[in-house]
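Shown next, in structure tokens, is the structure this report addresses.
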Amino acid sequence: MEWKREFQRSLPLMGHRNWILVVDKAYPWQSGNGITTINTGMPLVKVLEEVVTALGASTHAKPVFYTDKEMESMTEDMAKGVDAYREQLKKVLEGQTTQAILHDDVFPKIDAAAKLFNIFVLKTEETIAYSSVFIELDCAYWGPEKEKALREKMGK
């Protein structure tokens, strides 16, 4: 459970604009600065459950979850176990802000963030294609409405 200790140690340092990626086994080991990759050796859903629980207890970071749109069209004949995986994922992410986007559309977001902010990658044993979950962190106590009101007050 080394990954859990590292994640719990790192979470208080993370904030808006950081990303947490819970990825399948084939996800590449990225080489950019500020990218930490940890091999959990665990099933993706179990790792994601831990991450969702930790983020739910956080007072500073609010997650926005991205899943691969391709997952919606996957069938059992394409990837054995995909139906059960989708059901598990639905349960774990119930009540969360979640967006399904094309797999290739998430990478420019991560790439842009990685230029200035840290990315925390939790690699799992999952072998179903398009099963990775990408989590963009936002501020839990300050949102767009408050920011807009502040800017208006400042005359900006």
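Each chain of the structure tokens is named A, B, ... in the order shown, its residues numbered from 1; ligands are numbered from 1 in display order.
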
### Query
Please, which residues of chain A, numbered as in this document, come out alpha helix (DSSP H) from DSSP, as JSON, numbers by chain?
{"A": [2, 3, 4, 5, 6, 7, 8, 9, 10, 44, 45, 46, 47, 48, 49, 50, 51, 52, 53, 54, 55, 56, 57, 82, 83, 84, 85, 86, 87, 88, 89, 90, 91, 92, 103, 104, 105, 106, 107, 108, 109, 110, 111, 112, 113, 114, 144, 145, 146, 147, 148, 149, 150, 151, 152, 153, 154]}

### Query
What's the 10 Å shell around region 107-112 of chain A, counting only C-alpha atoms, without same-chain residues fewer than 3 positions away, as number ranges by chain?
A: 17-21, 32, 102-104, 115-119, 134-136

Selection export as an mmCIF file, in the first residue's frame, atoms kept: N, CA, C and O atoms:
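Once everything was written out, this is part_18.cif:
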```
data_model
loop_
_atom_site.group_PDB
_atom_site.id
_atom_site.type_symbol
_atom_site.label_atom_id
_atom_site.label_comp_id
_atom_site.auth_asym_id
_atom_site.auth_seq_id
_atom_site.Cartn_x
_atom_site.Cartn_y
_atom_site.Cartn_z
ATOM 1 N N ARG A 17 -5.949 23.009 -10.665
ATOM 2 C CA ARG A 17 -5.074 22.877 -11.838
ATOM 3 C C ARG A 17 -4.148 21.674 -11.772
ATOM 4 O O ARG A 17 -3.466 21.380 -12.748
ATOM 5 N N ASN A 18 -4.078 20.980 -10.652
ATOM 6 C CA ASN A 18 -3.368 19.705 -10.615
ATOM 7 C C ASN A 18 -4.298 18.631 -11.172
ATOM 8 O O ASN A 18 -5.515 18.813 -11.223
ATOM 9 N N TRP A 19 -3.711 17.527 -11.594
ATOM 10 C CA TRP A 19 -4.472 16.392 -12.115
ATOM 11 C C TRP A 19 -4.052 15.121 -11.396
ATOM 12 O O TRP A 19 -2.884 14.965 -11.032
ATOM 13 N N ILE A 20 -5.016 14.232 -11.231
ATOM 14 C CA ILE A 20 -4.766 12.879 -10.749
ATOM 15 C C ILE A 20 -5.296 11.949 -11.832
ATOM 16 O O ILE A 20 -6.446 12.070 -12.252
ATOM 17 N N LEU A 21 -4.474 11.042 -12.298
ATOM 18 C CA LEU A 21 -4.886 10.099 -13.332
ATOM 19 C C LEU A 21 -4.885 8.699 -12.734
ATOM 20 O O LEU A 21 -3.890 8.275 -12.152
ATOM 21 N N GLY A 32 7.660 13.929 -18.589
ATOM 22 C CA GLY A 32 7.709 15.354 -18.294
ATOM 23 C C GLY A 32 7.995 15.664 -16.835
ATOM 24 O O GLY A 32 7.725 14.863 -15.939
ATOM 25 N N LEU A 102 -13.713 12.383 -25.746
ATOM 26 C CA LEU A 102 -12.868 11.499 -26.548
ATOM 27 C C LEU A 102 -11.492 11.377 -25.911
ATOM 28 O O LEU A 102 -10.929 12.362 -25.399
ATOM 29 N N HIS A 103 -10.959 10.183 -25.941
ATOM 30 C CA HIS A 103 -9.674 9.881 -25.305
ATOM 31 C C HIS A 103 -8.580 10.874 -25.707
ATOM 32 O O HIS A 103 -7.874 11.402 -24.857
ATOM 33 N N ASP A 104 -8.475 11.132 -26.988
ATOM 34 C CA ASP A 104 -7.417 12.027 -27.456
ATOM 35 C C ASP A 104 -7.641 13.489 -27.065
ATOM 36 O O ASP A 104 -6.710 14.288 -27.122
ATOM 37 N N LYS A 115 2.758 21.673 -17.937
ATOM 38 C CA LYS A 115 3.799 22.684 -18.151
ATOM 39 C C LYS A 115 4.042 23.523 -16.897
ATOM 40 O O LYS A 115 5.132 24.039 -16.698
ATOM 41 N N LEU A 116 3.018 23.663 -16.055
ATOM 42 C CA LEU A 116 3.133 24.490 -14.855
ATOM 43 C C LEU A 116 2.773 23.775 -13.555
ATOM 44 O O LEU A 116 3.160 24.229 -12.481
ATOM 45 N N PHE A 117 2.015 22.685 -13.666
ATOM 46 C CA PHE A 117 1.465 22.061 -12.474
ATOM 47 C C PHE A 117 1.772 20.568 -12.444
ATOM 48 O O PHE A 117 2.008 19.960 -13.480
ATOM 49 N N ASN A 118 1.720 19.987 -11.258
ATOM 50 C CA ASN A 118 2.025 18.565 -11.101
ATOM 51 C C ASN A 118 0.859 17.681 -11.509
ATOM 52 O O ASN A 118 -0.303 18.022 -11.313
ATOM 53 N N ILE A 119 1.231 16.538 -12.053
ATOM 54 C CA ILE A 119 0.293 15.501 -12.469
ATOM 55 C C ILE A 119 0.669 14.249 -11.675
ATOM 56 O O ILE A 119 1.831 13.859 -11.640
ATOM 57 N N PHE A 134 -9.532 10.366 -15.597
ATOM 58 C CA PHE A 134 -8.678 11.545 -15.490
ATOM 59 C C PHE A 134 -9.384 12.548 -14.589
ATOM 60 O O PHE A 134 -10.536 12.896 -14.838
ATOM 61 N N ILE A 135 -8.699 13.029 -13.571
ATOM 62 C CA ILE A 135 -9.330 13.896 -12.575
ATOM 63 C C ILE A 135 -8.626 15.242 -12.549
ATOM 64 O O ILE A 135 -7.446 15.340 -12.197
ATOM 65 N N GLU A 136 -9.355 16.266 -12.937
ATOM 66 C CA GLU A 136 -8.846 17.635 -12.884
ATOM 67 C C GLU A 136 -9.309 18.239 -11.559
ATOM 68 O O GLU A 136 -10.496 18.179 -11.235
#
```

Produce a table with one row for each residue of region 100-133 of chain A that has an atom at most 12 Å from any atom of region 86-91 of chain A, each row naming the nearest atom pair and its distance in Å at one decimal; use only C-alpha atoms; arrange rows by chain and rising residue number; format as JSON lines.
```
{"residue": "A:Ile128", "atom": "CA", "partner": "A:Arg86", "partner_atom": "CA", "distance": 10.5}
{"residue": "A:Ala129", "atom": "CA", "partner": "A:Arg86", "partner_atom": "CA", "distance": 11.9}
{"residue": "A:Tyr130", "atom": "CA", "partner": "A:Arg86", "partner_atom": "CA", "distance": 10.8}
{"residue": "A:Ser131", "atom": "CA", "partner": "A:Arg86", "partner_atom": "CA", "distance": 8.7}
{"residue": "A:Ser132", "atom": "CA", "partner": "A:Leu89", "partner_atom": "CA", "distance": 10.3}
{"residue": "A:Val133", "atom": "CA", "partner": "A:Leu89", "partner_atom": "CA", "distance": 9.3}
```

### Query
What is the CA of His60 (chain A)-CA of Pro144 (chain A) distance in Å, reported with one decimal?
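One can read the CA of His60 (chain A) to CA of Pro144 (chain A) distance as 15.2 Å.
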
### Task
Excluding Asp24 (chain A) and residues on its chain fewer than 6 positions from it, collect all residues at most 12 Å away from it, counting only C-alpha atoms, and give them as a list in words.
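After dropping sequence-adjacent residues, the list is Asn39, Thr40, Gly41, Met42, Pro43, Leu44, Val45, Val47, Leu48, Asp68, Val121, Leu122, Lys123, Thr124, Glu125, Glu126, Thr127, Ile128, Ala129, Tyr130, Ser131, Ser132, Val133 and Phe134 of chain A.
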
### Message
Set the distance at 10 Å and use only C-alpha atoms: which residues neighbour Ala54 (chain A) once local chain neighbours fewer than 3 positions away are removed? I'd like the list as a PyMOL selection string.
### Response
chain A and resi 7-8+11+48-51+57-58

### Message
When you look at Val64 (chain A) with a cut-off of 8 Å (counting only C-alpha atoms), what residues show up, excluding the ones that are within fewer than 5 positions of it in the same chain? I need them as a list in words.
### Response
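Here the answer would be Gln96, Thr97, Thr98, Gln99, Ile135, Glu136, Leu137 and Asp138 of chain A.
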
### Query
Can you tell me how far CA of Ile101 (chain A) sits from CA of Tyr66 (chain A), in Å to one decimal?
6.7 Å

### Task
One decimal, Å: what's the distance from CA of Ile35 (chain A) over to CA of Phe120 (chain A), could you say?
6.0 Å

### Message
From a backbone DSSP assignment, name each residue in region 1-150 of chain A labelled strand (DSSP E), as an MDAnalysis selection string.
### Response
chainID A and resid 19:23 35:39 61:68 98:101 119:123 133:139
